[in-house]
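Below: start-v6.pdb (PDB, C-alpha atoms, pLDDT in the B column)
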ATOM      1  CA  MET A   1       2.151   7.625  -1.512  1.00 75.00           C
ATOM      2  CA  GLU A   2       0.532  10.166  -3.788  1.00 81.00           C
ATOM      3  CA  ALA A   3       0.444   7.568  -6.583  1.00 80.00           C
ATOM      4  CA  TYR A   4      -1.474   5.200  -4.298  1.00 77.00           C
ATOM      5  CA  ARG A   5      -3.918   8.002  -3.535  1.00 83.00           C
ATOM      6  CA  ASP A   6      -4.294   9.065  -7.157  1.00 85.00           C
ATOM      7  CA  GLN A   7      -4.729   5.506  -8.434  1.00 82.00           C
ATOM      8  CA  TYR A   8      -6.638   4.165  -5.418  1.00 82.00           C
ATOM      9  CA  ALA A   9      -9.808   3.300  -7.359  1.00 83.00           C
ATOM     10  CA  THR A  10      -7.878   1.411 -10.036  1.00 83.00           C
ATOM     11  CA  LEU A  11      -5.209  -0.245  -7.901  1.00 83.00           C
ATOM     12  CA  PHE A  12      -7.328  -1.202  -4.927  1.00 82.00           C
ATOM     13  CA  ASN A  13     -10.820  -1.526  -6.407  1.00 81.00           C
ATOM     14  CA  ASN A  14     -11.792   1.631  -4.531  1.00 79.00           C
ATOM     15  CA  GLY A  15     -11.152  -0.182  -1.267  1.00 79.00           C
ATOM     16  CA  ARG A  16     -13.433  -3.122  -2.037  1.00 77.00           C
ATOM     17  CA  LYS A  17     -12.273  -5.997   0.201  1.00 77.00           C
ATOM     18  CA  VAL A  18      -8.893  -4.264   0.502  1.00 79.00           C
ATOM     19  CA  VAL A  19      -7.246  -2.325   3.316  1.00 83.00           C
ATOM     20  CA  VAL A  20      -4.165  -0.282   2.462  1.00 83.00           C
ATOM     21  CA  ILE A  21      -1.820   0.647   5.316  1.00 84.00           C
ATOM     22  CA  GLY A  22       1.264   2.802   4.907  1.00 83.00           C
ATOM     23  CA  ILE A  23       3.799   2.185   7.680  1.00 85.00           C
ATOM     24  CA  SER A  24       6.766   4.423   8.384  1.00 85.00           C
ATOM     25  CA  VAL A  25       8.992   5.530  11.245  1.00 87.00           C
ATOM     26  CA  ASP A  26       7.412   8.995  11.117  1.00 86.00           C
ATOM     27  CA  ALA A  27       5.512  10.200  14.163  1.00 89.00           C
ATOM     28  CA  ASP A  28       1.794   9.478  14.173  1.00 90.00           C
ATOM     29  CA  THR A  29       0.984  13.198  14.492  1.00 91.00           C
ATOM     30  CA  ALA A  30       3.014  14.019  11.363  1.00 88.00           C
ATOM     31  CA  GLN A  31       1.367  11.187   9.447  1.00 86.00           C
ATOM     32  CA  ALA A  32      -2.132  12.218  10.521  1.00 89.00           C
ATOM     33  CA  SER A  33      -1.564  15.808   9.469  1.00 90.00           C
ATOM     34  CA  TRP A  34      -0.071  14.802   6.113  1.00 87.00           C
ATOM     35  CA  ALA A  35      -2.837  12.244   5.424  1.00 86.00           C
ATOM     36  CA  ARG A  36      -5.530  14.815   6.199  1.00 89.00           C
ATOM     37  CA  ASN A  37      -3.911  17.576   4.111  1.00 91.00           C
ATOM     38  CA  GLU A  38      -3.368  15.278   1.123  1.00 88.00           C
ATOM     39  CA  ALA A  39      -6.773  13.515   1.389  1.00 88.00           C
ATOM     40  CA  PHE A  40      -5.373   9.978   1.496  1.00 83.00           C
ATOM     41  CA  PRO A  41      -8.017   7.216   1.388  1.00 84.00           C
ATOM     42  CA  ILE A  42      -5.612   4.787   3.085  1.00 83.00           C
ATOM     43  CA  LEU A  43      -4.575   4.153   6.682  1.00 84.00           C
ATOM     44  CA  PHE A  44      -1.194   5.036   8.137  1.00 85.00           C
ATOM     45  CA  ALA A  45       0.676   3.434  11.014  1.00 87.00           C
ATOM     46  CA  SER A  46       3.645   4.779  12.906  1.00 89.00           C
ATOM     47  CA  ASP A  47       6.614   2.481  13.549  1.00 89.00           C
ATOM     48  CA  PRO A  48       8.938   4.854  15.447  1.00 89.00           C
ATOM     49  CA  GLY A  49      11.453   2.189  16.483  1.00 87.00           C
ATOM     50  CA  GLY A  50      11.352   0.381  13.152  1.00 89.00           C
ATOM     51  CA  ARG A  51      10.177  -2.851  14.802  1.00 91.00           C
ATOM     52  CA  VAL A  52       7.586  -3.689  12.166  1.00 90.00           C
ATOM     53  CA  GLY A  53      10.062  -2.809   9.436  1.00 89.00           C
ATOM     54  CA  GLN A  54      12.634  -5.116  11.028  1.00 91.00           C
ATOM     55  CA  LEU A  55      10.138  -8.005  11.194  1.00 91.00           C
ATOM     56  CA  TYR A  56       9.546  -7.703   7.442  1.00 87.00           C
ATOM     57  CA  ALA A  57      13.157  -6.892   6.507  1.00 88.00           C
ATOM     58  CA  ALA A  58      11.976  -3.461   5.385  1.00 87.00           C
ATOM     59  CA  PHE A  59      13.994  -1.363   7.832  1.00 87.00           C
ATOM     60  CA  ASP A  60      17.188   0.434   6.872  1.00 87.00           C
ATOM     61  CA  ALA A  61      19.115   0.391  10.169  1.00 88.00           C
ATOM     62  CA  LYS A  62      21.889   2.644   8.836  1.00 90.00           C
ATOM     63  CA  ASN A  63      19.469   5.480   8.007  1.00 88.00           C
ATOM     64  CA  LYS A  64      16.873   4.507  10.646  1.00 86.00           C
ATOM     65  CA  LEU A  65      13.931   4.435   8.265  1.00 82.00           C
ATOM     66  CA  ASP A  66      11.674   1.971   6.527  1.00 82.00           C
ATOM     67  CA  ASN A  67      12.466   1.417   2.865  1.00 84.00           C
ATOM     68  CA  ARG A  68       9.827   1.470   0.156  1.00 79.00           C
ATOM     69  CA  SER A  69       8.863  -2.171   0.412  1.00 83.00           C
ATOM     70  CA  LEU A  70       5.385  -3.198  -0.586  1.00 83.00           C
ATOM     71  CA  PHE A  71       3.558  -6.237   0.774  1.00 85.00           C
ATOM     72  CA  VAL A  72       0.165  -7.536  -0.298  1.00 85.00           C
ATOM     73  CA  VAL A  73      -1.375  -9.707   2.402  1.00 84.00           C
ATOM     74  CA  ARG A  74      -4.080 -12.258   1.611  1.00 84.00           C
ATOM     75  CA  PRO A  75      -7.314 -12.258   3.626  1.00 82.00           C
ATOM     76  CA  ASP A  76      -5.958 -15.310   5.508  1.00 85.00           C
ATOM     77  CA  GLY A  77      -2.955 -13.236   6.693  1.00 85.00           C
ATOM     78  CA  ARG A  78      -0.388 -14.850   4.394  1.00 86.00           C
ATOM     79  CA  ILE A  79       1.808 -12.641   2.230  1.00 86.00           C
ATOM     80  CA  ALA A  80       0.754 -12.852  -1.419  1.00 86.00           C
ATOM     81  CA  TYR A  81       3.238 -10.435  -2.976  1.00 87.00           C
ATOM     82  CA  VAL A  82       6.405  -8.570  -2.013  1.00 88.00           C
ATOM     83  CA  THR A  83       8.483  -6.054  -3.877  1.00 86.00           C
ATOM     84  CA  LYS A  84      11.566  -4.399  -2.380  1.00 85.00           C
ATOM     85  CA  PRO A  85      11.789  -1.584  -3.140  1.00 82.00           C
ATOM     86  CA  PHE A  86       8.542  -0.672  -4.830  1.00 83.00           C
ATOM     87  CA  LYS A  87       9.498   1.266  -7.944  1.00 85.00           C
ATOM     88  CA  VAL A  88       7.200   4.272  -7.600  1.00 82.00           C
ATOM     89  CA  LEU A  89       8.267   5.782 -10.938  1.00 85.00           C
ATOM     90  CA  THR A  90       7.772   2.609 -13.001  1.00 88.00           C
ATOM     91  CA  PRO A  91       4.273   2.328 -14.542  1.00 88.00           C
ATOM     92  CA  SER A  92       4.519  -1.472 -14.856  1.00 90.00           C
ATOM     93  CA  ALA A  93       4.918  -1.710 -11.070  1.00 88.00           C
ATOM     94  CA  TYR A  94       1.376  -0.355 -10.681  1.00 85.00           C
ATOM     95  CA  THR A  95       0.002  -2.672 -13.369  1.00 90.00           C
ATOM     96  CA  GLU A  96       1.539  -5.648 -11.573  1.00 89.00           C
ATOM     97  CA  LEU A  97       0.226  -4.463  -8.198  1.00 86.00           C
ATOM     98  CA  ALA A  98      -3.310  -4.013  -9.569  1.00 87.00           C
ATOM     99  CA  ALA A  99      -3.239  -7.530 -11.041  1.00 89.00           C
ATOM    100  CA  ILE A 100      -2.201  -9.021  -7.691  1.00 87.00           C
ATOM    101  CA  VAL A 101      -4.918  -7.119  -5.816  1.00 86.00           C
ATOM    102  CA  ASP A 102      -7.516  -8.127  -8.438  1.00 86.00           C
ATOM    103  CA  SER A 103      -6.533 -11.773  -8.054  1.00 86.00           C
ATOM    104  CA  LEU A 104      -7.291 -11.580  -4.334  1.00 84.00           C
ATOM    105  CA  ALA A 105     -10.379  -9.345  -4.476  1.00 75.00           C
ATOM    106  CA  PRO A 106     -11.700  -9.234  -8.044  1.00 66.00           C
ATOM    107  CA  PRO A 107     -13.857  -6.252  -8.974  1.00 62.00           C
ATOM    108  CA  PRO A 108     -17.606  -6.852  -9.074  1.00 67.00           C
ATOM    109  CA  PRO A 109     -19.074  -7.887 -12.433  1.00 72.00           C
ATOM    110  CA  PRO A 110     -20.475  -5.045 -14.555  1.00 75.00           C
ATOM    111  CA  ALA A 111     -24.132  -4.228 -14.083  1.00 74.00           C
ATOM    112  CA  ASP A 112     -26.505  -5.868 -16.541  1.00 71.00           C
ATOM    113  CA  SER A 113     -27.122  -3.201 -19.180  1.00 59.00           C
ATOM    114  CA  THR A 114     -29.976  -5.084 -20.895  1.00 61.00           C
ATOM    115  CA  ARG A 115     -32.578  -4.000 -18.355  1.00 56.00           C
TER     116      ARG A 115
END
Write the structure described by the file as structure tokens, please.
Amino acid sequence: MEAYRDQYATLFNNGRKVVVIGISVDADTAQASWARNEAFPILFASDPGGRVGQLYAAFDAKNKLDNRSLFVVRPDGRIAYVTKPFKVLTPSAYTELAAIVDSLAPPPPPADSTR
């Protein structure tokens, strides 16, 4: 999650037309404390029973936790991109993610510098 925080501006166009939600089985109080302490610019959701994870085949029933799946959802609610698991240590994974996000919410054009 720290990589998402540290690369938020690049990966998610600084939140422009993008909402990032991290979902885990961790308690909401633990997530809130961690998010505040680490200054995360994203939202977190608690899935204590793993129901959301099960719906998206992202729940590891043996270990009772959500795996590191990543879903990009289009503005119309359809899934645009899935990677299971997201390879947090692979730089190309972030390049690919940024390209997908840009395709759905391209960054604004640069300001006209001729003025």
**Study point:** Test item: residues at most 9 Å from Ile100 (chain A), all atoms listed in the file, excluding those fewer than 6 positions along its chain, as a PyMOL selection string
**Key:** chain A and resi 72+80-81
Point to revise | Residue with smallest distance to Val19 (chain A) - pool A:Arg5, A:Pro91, A:Pro41, A:Lys84, counting only C-alpha atoms | key: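 For Val19 (chain A), the nearest of the candidates is A:Pro41.
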Review point. Using all atoms listed in the file, which of A:Ser24, A:Asn67, A:Asn37, A:Phe12 sits nearest Gly49 (chain A)?
Key: A:Ser24
Practice item. With the file shown as input, list the residues that the PyMOL selection byres ((chain A and resi 102) around 12) selects, as a PyMOL selection string. Key: chain A and resi 9-18+72+74+80+95-101+103-108
Could you save those same residues with C-alpha atoms as a CSV table (one decimal), in the coordinates of the input?
chain,number,residue,atom,x,y,z
A,9,ALA,CA,-9.8,3.3,-7.4
A,10,THR,CA,-7.9,1.4,-10.0
A,11,LEU,CA,-5.2,-0.2,-7.9
A,12,PHE,CA,-7.3,-1.2,-4.9
A,13,ASN,CA,-10.8,-1.5,-6.4
A,14,ASN,CA,-11.8,1.6,-4.5
A,15,GLY,CA,-11.2,-0.2,-1.3
A,16,ARG,CA,-13.4,-3.1,-2.0
A,17,LYS,CA,-12.3,-6.0,0.2
A,18,VAL,CA,-8.9,-4.3,0.5
A,72,VAL,CA,0.2,-7.5,-0.3
A,74,ARG,CA,-4.1,-12.3,1.6
A,80,ALA,CA,0.8,-12.9,-1.4
A,95,THR,CA,0.0,-2.7,-13.4
A,96,GLU,CA,1.5,-5.6,-11.6
A,97,LEU,CA,0.2,-4.5,-8.2
A,98,ALA,CA,-3.3,-4.0,-9.6
A,99,ALA,CA,-3.2,-7.5,-11.0
A,100,ILE,CA,-2.2,-9.0,-7.7
A,101,VAL,CA,-4.9,-7.1,-5.8
A,103,SER,CA,-6.5,-11.8,-8.1
A,104,LEU,CA,-7.3,-11.6,-4.3
A,105,ALA,CA,-10.4,-9.3,-4.5
A,106,PRO,CA,-11.7,-9.2,-8.0
A,107,PRO,CA,-13.9,-6.3,-9.0
A,108,PRO,CA,-17.6,-6.9,-9.1
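Interatomic distance, CA of Gly50 (chain A) to CA of Leu70 (chain A): 15.4 Å.
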